[in-house]
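Enquirer: Mind looking over this structure? Questions follow.
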Amino acid sequence: MNYKKKILVTGGAGFIGSHVVRLFVNKYPEYQIVNLDVLTYAGNLANLRDIENKQNYRFVKMDIVDAESITKLFQAEKFTDVIHLAAESHVDRSISNPTEFVMTNVIGTVNLLNAAKLIWKGEMEKHRFYHVSTDEVYGSLGEIGMFTENTAYDPHSPYSASKASSDHFVRAYGDTYGLKTVISNCSNNYGSYQFPEKLLPLFINNIQHKKALPVYGKGENVRDWLWVEDHARAIDVLFHQAASGSTYNIGGHNEWTNIALIKLLCKIMDKKLGRSEGESEKLISYVTDRAGHDLRYAIDSTKLQNDLGWTPSLQFEEGLEKTVTWYLENKEWLEHVTSGDYQNYYEKQYEKR
Ligand code: NAD
Ligand code: DAU
């Protein structure tokens, strides 16, 4: 079949990437979607079982840090566009191992940019390099204000510093070599297929097994939560409609302190698990704070709403309940990803807190 576009999606076996791949494969049979992922601990092909046999989908196992292989792949496959999500994504891991984040998030991104620049030379305007980034590049807010697209970068963790660096490289390749880029900076995502090192799936898993809920510091940090499928929808809209060289913020207008969110989660879980109200809250345990812990993130996504009409589709309480139900109904998935290496990670991460 002659496809209209051949899109390389990197990190498609991860949390957000798998939702993006699923959306594009199902919605655009006229596009071929090639999912490139090295399958780190966070990459899991089981996230894509429902679409793995679709005609317009292919998987390639490759490391974006491996410049030679990436260049050869681009030369052989002649991708028309790139949607780049592959990254090391967990702040706590970046604190223990910053270099890995530089390698994947910075060097890996530059390798993809180089390969795209090489094969798209002379016809840049026909192609698009879409880079998926985070609101954490903007640093931390006080009690008021929101991040806009004009907020200066001020990253504090090795993770956010590496993502900020990759954003700068993407912009630099646009300015210097004429690559047609789009960058989006999104707030905290929640939903199905998220690796249980991140707050929500970790706490859902712990509540289920009546394990302690390690709340960092006083639990007063604020995050702006967005349903992952709404993020994937925003990426679809931006990929097709954003002007080249543009940046867009994506967020849920949905701020919660960690502790309020955790208490709501406990309440939902008590109901779903047939436990008495207040039972799961007893598992809350305040532990040593994350180093350099950003106090508050809040995204102003007015530009995306005004320019392209995107708005979040789900109310948070509804989305959270849906998410809890998914993890409870997909125990096998959760058990699979929390076996093996996960146990070592968990002990190392939480034993000293
Ligand atoms: P994730 O950790 O769940 O998935 C990352 C994927 O990238 C995994 O499948 C992993 O195997 C793959 N990967 C890692 N290193 C690789 C390498 N060297 N080569 C090839 N593949 C590699 O991450 P996520 O939460 O889905 O985040 C995806 C992207 O979205 C990241 O760029 C992240 O910075 C960004 N983001 C995440 C959030 C969030 O709340 N999770 C919010 C905003 C932006
Ligand atoms: O804002 C977007 C970012 O959101 C993404 O770029 C990152 O990839 C993603 O991991 C996420 O970063 P956070 O650090 O905000 O997410 P995390 O789930 O790790 O933590 C959410 C909040 O909960 C944060 O304030 C730290 C706190 N927390 C987290 C864990 C894992 C706890 O209190 N206890 C925990 O055990």
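As shown in the structure tokens, the chain order sets the letters A, B, ...; within each chain, residues go from 1, and ligands are also counted from 1 in the order they appear.
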Could you pull the residues within 6 Å of stretch 251-259 of chain A, counting only C-alpha atoms, minus those fewer than 6 positions along the same chain, as a list in words?

Expert: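 Once the adjacent positions are removed, what remains is Cys186, Ser187, Gly219, Glu220, Asn221, Val222, Arg223, Asp224, Trp225, Leu226, Ile299 and Ser301 of chain A.
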
Enquirer: Generate a file of the selected residues that holds C-alpha atoms, formatted as an mmCIF file, in the first residue's frame.

Expert:
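Once everything was written out, this is again-v4.cif:
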```cif
data_model
loop_
_atom_site.group_PDB
_atom_site.id
_atom_site.type_symbol
_atom_site.label_atom_id
_atom_site.label_comp_id
_atom_site.auth_asym_id
_atom_site.auth_seq_id
_atom_site.Cartn_x
_atom_site.Cartn_y
_atom_site.Cartn_z
ATOM 1 C CA CYS A 186 2.442 19.193 28.780
ATOM 2 C CA SER A 187 1.496 18.849 32.440
ATOM 3 C CA GLY A 219 2.265 16.504 50.314
ATOM 4 C CA GLU A 220 1.699 20.189 49.576
ATOM 5 C CA ASN A 221 3.221 20.206 46.085
ATOM 6 C CA VAL A 222 0.743 20.999 43.340
ATOM 7 C CA ARG A 223 0.442 19.284 39.971
ATOM 8 C CA ASP A 224 -1.923 19.954 37.041
ATOM 9 C CA TRP A 225 -3.395 16.620 35.894
ATOM 10 C CA LEU A 226 -4.480 15.759 32.370
ATOM 11 C CA ILE A 299 -0.303 25.234 32.665
ATOM 12 C CA SER A 301 -3.211 26.270 27.586
#
```

Enquirer: Taking only residues of chain A that have an atom at most 6 Å from an atom of ligand 1, what is each one's shortest atom pair and its distance in Å to one decimal, using only C-alpha atoms and all ligand atoms, in chain and number order, as JSON lines?

Expert:
```
{"residue": "A:Gly11", "atom": "CA", "partner": "ligand 1", "partner_atom_place_in_ligand_line": "7 (O)", "distance": 3.6}
{"residue": "A:Gly12", "atom": "CA", "partner": "ligand 1", "partner_atom_place_in_ligand_line": "9 (O)", "distance": 5.8}
{"residue": "A:Ala13", "atom": "CA", "partner": "ligand 1", "partner_atom_place_in_ligand_line": "9 (O)", "distance": 4.0}
{"residue": "A:Gly14", "atom": "CA", "partner": "ligand 1", "partner_atom_place_in_ligand_line": "9 (O)", "distance": 3.2}
{"residue": "A:Phe15", "atom": "CA", "partner": "ligand 1", "partner_atom_place_in_ligand_line": "26 (O)", "distance": 3.7}
{"residue": "A:Ile16", "atom": "CA", "partner": "ligand 1", "partner_atom_place_in_ligand_line": "26 (O)", "distance": 3.7}
{"residue": "A:Gly17", "atom": "CA", "partner": "ligand 1", "partner_atom_place_in_ligand_line": "26 (O)", "distance": 5.3}
{"residue": "A:Asp37", "atom": "CA", "partner": "ligand 1", "partner_atom_place_in_ligand_line": "21 (N)", "distance": 3.8}
{"residue": "A:Val38", "atom": "CA", "partner": "ligand 1", "partner_atom_place_in_ligand_line": "20 (C)", "distance": 4.1}
{"residue": "A:Leu39", "atom": "CA", "partner": "ligand 1", "partner_atom_place_in_ligand_line": "11 (O)", "distance": 3.6}
{"residue": "A:Thr40", "atom": "CA", "partner": "ligand 1", "partner_atom_place_in_ligand_line": "11 (O)", "distance": 3.9}
{"residue": "A:Ala42", "atom": "CA", "partner": "ligand 1", "partner_atom_place_in_ligand_line": "8 (C)", "distance": 4.7}
{"residue": "A:Gly43", "atom": "CA", "partner": "ligand 1", "partner_atom_place_in_ligand_line": "9 (O)", "distance": 3.1}
{"residue": "A:Met62", "atom": "CA", "partner": "ligand 1", "partner_atom_place_in_ligand_line": "20 (C)", "distance": 5.8}
{"residue": "A:Asp63", "atom": "CA", "partner": "ligand 1", "partner_atom_place_in_ligand_line": "19 (N)", "distance": 3.6}
{"residue": "A:Ile64", "atom": "CA", "partner": "ligand 1", "partner_atom_place_in_ligand_line": "19 (N)", "distance": 4.1}
{"residue": "A:Val65", "atom": "CA", "partner": "ligand 1", "partner_atom_place_in_ligand_line": "18 (N)", "distance": 5.3}
{"residue": "A:Leu85", "atom": "CA", "partner": "ligand 1", "partner_atom_place_in_ligand_line": "32 (O)", "distance": 4.2}
{"residue": "A:Ala86", "atom": "CA", "partner": "ligand 1", "partner_atom_place_in_ligand_line": "7 (O)", "distance": 3.5}
{"residue": "A:Ala87", "atom": "CA", "partner": "ligand 1", "partner_atom_place_in_ligand_line": "14 (C)", "distance": 4.5}
{"residue": "A:Glu88", "atom": "CA", "partner": "ligand 1", "partner_atom_place_in_ligand_line": "14 (C)", "distance": 5.1}
{"residue": "A:Ser89", "atom": "CA", "partner": "ligand 1", "partner_atom_place_in_ligand_line": "2 (O)", "distance": 4.6}
{"residue": "A:Thr104", "atom": "CA", "partner": "ligand 1", "partner_atom_place_in_ligand_line": "18 (N)", "distance": 4.7}
{"residue": "A:Val132", "atom": "CA", "partner": "ligand 1", "partner_atom_place_in_ligand_line": "32 (O)", "distance": 5.4}
{"residue": "A:Ser133", "atom": "CA", "partner": "ligand 1", "partner_atom_place_in_ligand_line": "44 (C)", "distance": 4.7}
{"residue": "A:Thr134", "atom": "CA", "partner": "ligand 1", "partner_atom_place_in_ligand_line": "44 (C)", "distance": 3.9}
{"residue": "A:Cys186", "atom": "CA", "partner": "ligand 1", "partner_atom_place_in_ligand_line": "43 (C)", "distance": 4.3}
{"residue": "A:Ser187", "atom": "CA", "partner": "ligand 1", "partner_atom_place_in_ligand_line": "42 (C)", "distance": 5.1}
{"residue": "A:Asn188", "atom": "CA", "partner": "ligand 1", "partner_atom_place_in_ligand_line": "40 (O)", "distance": 3.7}
{"residue": "A:Asn189", "atom": "CA", "partner": "ligand 1", "partner_atom_place_in_ligand_line": "40 (O)", "distance": 3.8}
```

Enquirer: With a distance cut-off of 9 Å and only C-alpha atoms, select the neighbouring residues of A:His127, excluding the residue or stretch itself and same-chain residues fewer than 2 positions from it, and output the selection as a list in words.

Expert: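 Selected residues are Phe79, Thr80, Asp81, Val82, Ala116, Trp120, Glu123, Met124, Glu125, Phe129, Leu179, Lys180 and Thr181 of chain A.
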
Enquirer: Please dump the current selection as a compact mmCIF listing (two decimals), in the first residue's frame; keep N, CA, C and O atoms.

Expert:
```txt
# COMPACT_ATOMS: atom_id res chain seq x y z
N PHE A 79 11.36 8.20 6.44
CA PHE A 79 10.19 8.68 7.18
C PHE A 79 9.79 10.06 6.67
O PHE A 79 10.67 10.89 6.39
N THR A 80 8.49 10.32 6.63
CA THR A 80 8.06 11.66 6.21
C THR A 80 8.01 12.62 7.40
O THR A 80 8.16 13.82 7.23
N ASP A 81 7.76 12.06 8.60
CA ASP A 81 7.60 12.90 9.78
C ASP A 81 8.05 12.13 11.02
O ASP A 81 8.10 10.90 11.01
N VAL A 82 8.32 12.90 12.08
CA VAL A 82 8.71 12.27 13.36
C VAL A 82 7.85 12.84 14.48
O VAL A 82 7.62 14.05 14.54
N ALA A 116 17.07 13.30 10.64
CA ALA A 116 15.97 13.96 9.91
C ALA A 116 16.54 15.03 8.97
O ALA A 116 16.16 15.13 7.80
N TRP A 120 15.98 14.86 4.94
CA TRP A 120 14.99 15.85 4.46
C TRP A 120 15.65 17.06 3.79
O TRP A 120 14.96 18.02 3.42
N GLU A 123 14.21 19.66 1.11
CA GLU A 123 12.73 19.64 1.06
C GLU A 123 12.14 19.67 2.47
O GLU A 123 11.19 18.96 2.77
N MET A 124 12.75 20.52 3.31
CA MET A 124 12.35 20.59 4.72
C MET A 124 10.86 20.88 4.89
O MET A 124 10.22 20.38 5.80
N GLU A 125 10.33 21.75 4.00
CA GLU A 125 8.94 22.18 4.20
C GLU A 125 7.92 21.04 4.06
O GLU A 125 6.78 21.16 4.47
N PHE A 129 9.00 17.69 12.34
CA PHE A 129 9.61 17.05 13.51
C PHE A 129 8.87 17.56 14.74
O PHE A 129 9.01 18.71 15.12
N LEU A 179 14.70 23.01 9.78
CA LEU A 179 13.82 21.89 10.09
C LEU A 179 12.47 22.43 10.54
O LEU A 179 12.42 23.41 11.29
N LYS A 180 11.38 21.83 10.10
CA LYS A 180 10.04 22.32 10.47
C LYS A 180 9.60 21.61 11.75
O LYS A 180 9.25 20.43 11.72
N THR A 181 9.66 22.35 12.84
CA THR A 181 9.46 21.72 14.16
C THR A 181 8.18 22.21 14.83
O THR A 181 7.67 23.29 14.54
```

Enquirer: Compare A:Ile207, A:Val91, A:Ala234, A:Val110 by their minimum atom-to-atom distance to ligand 2, counting only C-alpha atoms and all ligand atoms, and give me the closest one.

Expert: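 When distances to ligand 2 are compared using only C-alpha atoms and all ligand atoms, the smallest one comes from A:Val91.
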
Enquirer: Would you list, as a PDB file with N, CA and C atoms, in the first residue's frame, the residues of stretch 131-189 of chain A that end up in strand (DSSP E or B) under DSSP run on this structure's backbone?

Expert:
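For reference, out_17.pdb as written:
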```pdb
ATOM      1  N   HIS A 131       8.264  17.436  18.664  1.00  0.00           N
ATOM      2  CA  HIS A 131       8.968  17.058  19.896  1.00  0.00           C
ATOM      3  C   HIS A 131       8.029  17.201  21.095  1.00  0.00           C
ATOM      4  N   VAL A 132       7.873  16.090  21.829  1.00  0.00           N
ATOM      5  CA  VAL A 132       6.960  16.091  22.980  1.00  0.00           C
ATOM      6  C   VAL A 132       7.743  16.413  24.245  1.00  0.00           C
ATOM      7  N   SER A 133       7.403  17.539  24.864  1.00  0.00           N
ATOM      8  CA  SER A 133       8.147  17.933  26.061  1.00  0.00           C
ATOM      9  C   SER A 133       7.208  18.162  27.250  1.00  0.00           C
ATOM     10  N   THR A 134       7.786  18.743  28.279  1.00  0.00           N
ATOM     11  CA  THR A 134       7.107  18.785  29.572  1.00  0.00           C
ATOM     12  C   THR A 134       7.016  20.203  30.122  1.00  0.00           C
ATOM     13  N   PHE A 147       2.194  28.793  33.882  1.00  0.00           N
ATOM     14  CA  PHE A 147       3.192  28.765  32.812  1.00  0.00           C
ATOM     15  C   PHE A 147       2.507  29.097  31.489  1.00  0.00           C
ATOM     16  N   THR A 181       9.663  22.348  12.845  1.00  0.00           N
ATOM     17  CA  THR A 181       9.461  21.724  14.155  1.00  0.00           C
ATOM     18  C   THR A 181       8.179  22.205  14.827  1.00  0.00           C
ATOM     19  N   VAL A 182       7.691  21.375  15.752  1.00  0.00           N
ATOM     20  CA  VAL A 182       6.632  21.778  16.694  1.00  0.00           C
ATOM     21  C   VAL A 182       7.047  21.205  18.040  1.00  0.00           C
ATOM     22  N   ILE A 183       6.875  22.010  19.109  1.00  0.00           N
ATOM     23  CA  ILE A 183       7.156  21.517  20.456  1.00  0.00           C
ATOM     24  C   ILE A 183       5.908  21.714  21.299  1.00  0.00           C
ATOM     25  N   SER A 184       5.545  20.700  22.079  1.00  0.00           N
ATOM     26  CA  SER A 184       4.481  20.922  23.061  1.00  0.00           C
ATOM     27  C   SER A 184       4.996  20.571  24.446  1.00  0.00           C
ATOM     28  N   ASN A 185       4.562  21.372  25.432  1.00  0.00           N
ATOM     29  CA  ASN A 185       4.981  21.176  26.822  1.00  0.00           C
ATOM     30  C   ASN A 185       3.728  20.864  27.637  1.00  0.00           C
ATOM     31  N   CYS A 186       3.678  19.655  28.136  1.00  0.00           N
ATOM     32  CA  CYS A 186       2.442  19.193  28.780  1.00  0.00           C
ATOM     33  C   CYS A 186       2.617  18.990  30.288  1.00  0.00           C
ATOM     34  N   ASN A 188       1.242  17.004  34.022  1.00  0.00           N
ATOM     35  CA  ASN A 188       1.214  15.600  34.463  1.00  0.00           C
ATOM     36  C   ASN A 188       0.064  14.824  33.819  1.00  0.00           C
ATOM     37  N   ASN A 189       0.408  13.706  33.209  1.00  0.00           N
ATOM     38  CA  ASN A 189      -0.611  12.847  32.602  1.00  0.00           C
ATOM     39  C   ASN A 189      -1.012  11.736  33.559  1.00  0.00           C
TER      40      ASN A 189
END
```

Enquirer: Identify, on the basis of only C-alpha atoms, every residue whose closest approach to stretch 327-333 of chain A does not exceed 12 Å; exclude the query and any residue fewer than 5 positions from it along the same chain; express the result as a VMD selection string.

Expert: chain A and resid 44 to 49 190 to 196 200 to 209 268 to 269 272 to 273 320 to 322 338 to 339

Enquirer: Since we have the selection now, will you write its residues out, keeping C-alpha atoms, as a PDB file, in the first residue's frame?

Expert:
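The result, stored in selection-v7.pdb:
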```pdb
ATOM      1  CA  ASN A  44       6.179  -2.585  27.156  1.00  0.00           C
ATOM      2  CA  LEU A  45       4.776  -4.009  23.938  1.00  0.00           C
ATOM      3  CA  ALA A  46       1.808  -5.363  25.912  1.00  0.00           C
ATOM      4  CA  ASN A  47       0.612  -1.736  25.918  1.00  0.00           C
ATOM      5  CA  LEU A  48      -0.127  -2.137  22.208  1.00  0.00           C
ATOM      6  CA  ARG A  49      -1.607  -5.654  21.988  1.00  0.00           C
ATOM      7  CA  TYR A 190      -2.676  10.094  34.169  1.00  0.00           C
ATOM      8  CA  GLY A 191      -4.482   7.068  32.749  1.00  0.00           C
ATOM      9  CA  SER A 192      -3.963   3.472  31.651  1.00  0.00           C
ATOM     10  CA  TYR A 193      -0.554   1.867  30.945  1.00  0.00           C
ATOM     11  CA  GLN A 194       1.496   4.218  33.155  1.00  0.00           C
ATOM     12  CA  PHE A 195       4.476   2.542  34.785  1.00  0.00           C
ATOM     13  CA  PRO A 196       3.882   2.231  38.557  1.00  0.00           C
ATOM     14  CA  LEU A 200      -0.945   7.477  40.637  1.00  0.00           C
ATOM     15  CA  PRO A 201      -0.268   3.912  39.444  1.00  0.00           C
ATOM     16  CA  LEU A 202       2.233   3.417  42.291  1.00  0.00           C
ATOM     17  CA  PHE A 203      -0.333   4.425  44.888  1.00  0.00           C
ATOM     18  CA  ILE A 204      -3.134   2.421  43.232  1.00  0.00           C
ATOM     19  CA  ASN A 205      -0.891  -0.648  43.355  1.00  0.00           C
ATOM     20  CA  ASN A 206       0.140   0.001  46.958  1.00  0.00           C
ATOM     21  CA  ILE A 207      -3.425   0.574  48.145  1.00  0.00           C
ATOM     22  CA  GLN A 208      -4.480  -2.651  46.500  1.00  0.00           C
ATOM     23  CA  HIS A 209      -1.749  -4.524  48.398  1.00  0.00           C
ATOM     24  CA  ILE A 268     -12.357   5.932  45.355  1.00  0.00           C
ATOM     25  CA  MET A 269     -10.279   2.826  46.073  1.00  0.00           C
ATOM     26  CA  LYS A 272     -14.140  -0.001  44.611  1.00  0.00           C
ATOM     27  CA  LEU A 273     -12.446  -2.530  46.881  1.00  0.00           C
ATOM     28  CA  LEU A 320      -9.556   9.180  38.017  1.00  0.00           C
ATOM     29  CA  GLU A 321     -12.340   6.694  38.613  1.00  0.00           C
ATOM     30  CA  LYS A 322     -11.940   5.329  35.094  1.00  0.00           C
ATOM     31  CA  THR A 338       5.954  -4.961  38.981  1.00  0.00           C
ATOM     32  CA  SER A 339       7.764  -8.289  38.948  1.00  0.00           C
TER      33      SER A 339
END
```

Enquirer: Do a neighbour search on A:Phe59 at 7 Å with only C-alpha atoms, toss out local chain neighbours closer than 3 positions, and write the hits as an MDAnalysis selection string.

Expert: chainID A and resid 34:36

Enquirer: How far is it from atom CA of A:Leu113 to atom CA of A:Lys78, in Å with one decimal?

Expert: 13.8 Å

Enquirer: Go through A:Ala243, A:Val337, A:Ala232, A:Ile95 and flag the residue nearest ligand 2, using only C-alpha atoms and all ligand atoms for the distances.

Expert: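 Smallest distance to ligand 2 is found for A:Ile95.
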
Enquirer: Write out as a count of residues only which residues come within 10 Å of A:Ser140 when counting only C-alpha atoms, dropping same-chain ones fewer than 4 positions away.

Expert: 16

Enquirer: If you run DSSP on the backbone here, which positions in stretch 88-319 of chain A get helix (DSSP H, G or I)? Please write them as a PyMOL selection string.

Expert: chain A and resi 91-96+98-119+124-126+135-138+158-177+199-208+228-241+258-273+280-283+302-308+316-319

Enquirer: Need the shell around A:Met1: protein/DNA/RNA residues with any atom at most 12 Å away, counting only C-alpha atoms. Skip same-chain ones fewer than 6 positions apart. Format as a list in words?

Expert: Pro29, Glu30, Tyr31, Gln32, Gln55 and Asn56 of chain A

Enquirer: From the set A:Pro214, A:Gly278, A:Gly142, A:Gly309, which residue has the shortest atom-to-atom contact distance to ligand 2, counting only C-alpha atoms and all ligand atoms?

Expert: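 Closest residue, counting only C-alpha atoms and all ligand atoms: A:Pro214.
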
Enquirer: Measuring between only C-alpha atoms and all ligand atoms, which one of A:Leu238, A:Ala152, A:Val287, A:Val215 shows the shortest distance to ligand 2?

Expert: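 Counting only C-alpha atoms and all ligand atoms, the residue closest to ligand 2 is A:Val215.
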
Enquirer: So which one's closest to A:Ser162, A:Pro98, A:Gly174, A:Gly217, A:Gly145? Using only C-alpha atoms, please.

Expert: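 When distances to A:Ser162 are compared using only C-alpha atoms, the smallest one comes from A:Pro98.
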
Enquirer: Report the distance between atom CA of A:Glu317 and atom CA of A:Leu261 in Å, rounded to one decimal place.

Expert: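 These atoms are spaced 9.9 Å apart.
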
Enquirer: Provide the atom CA of A:Arg353 to atom CA of A:Ser96 distance in Å, to one decimal place.

Expert: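 Atom CA of A:Ser96 lies at a distance of 14.0 Å from atom CA of A:Arg353.
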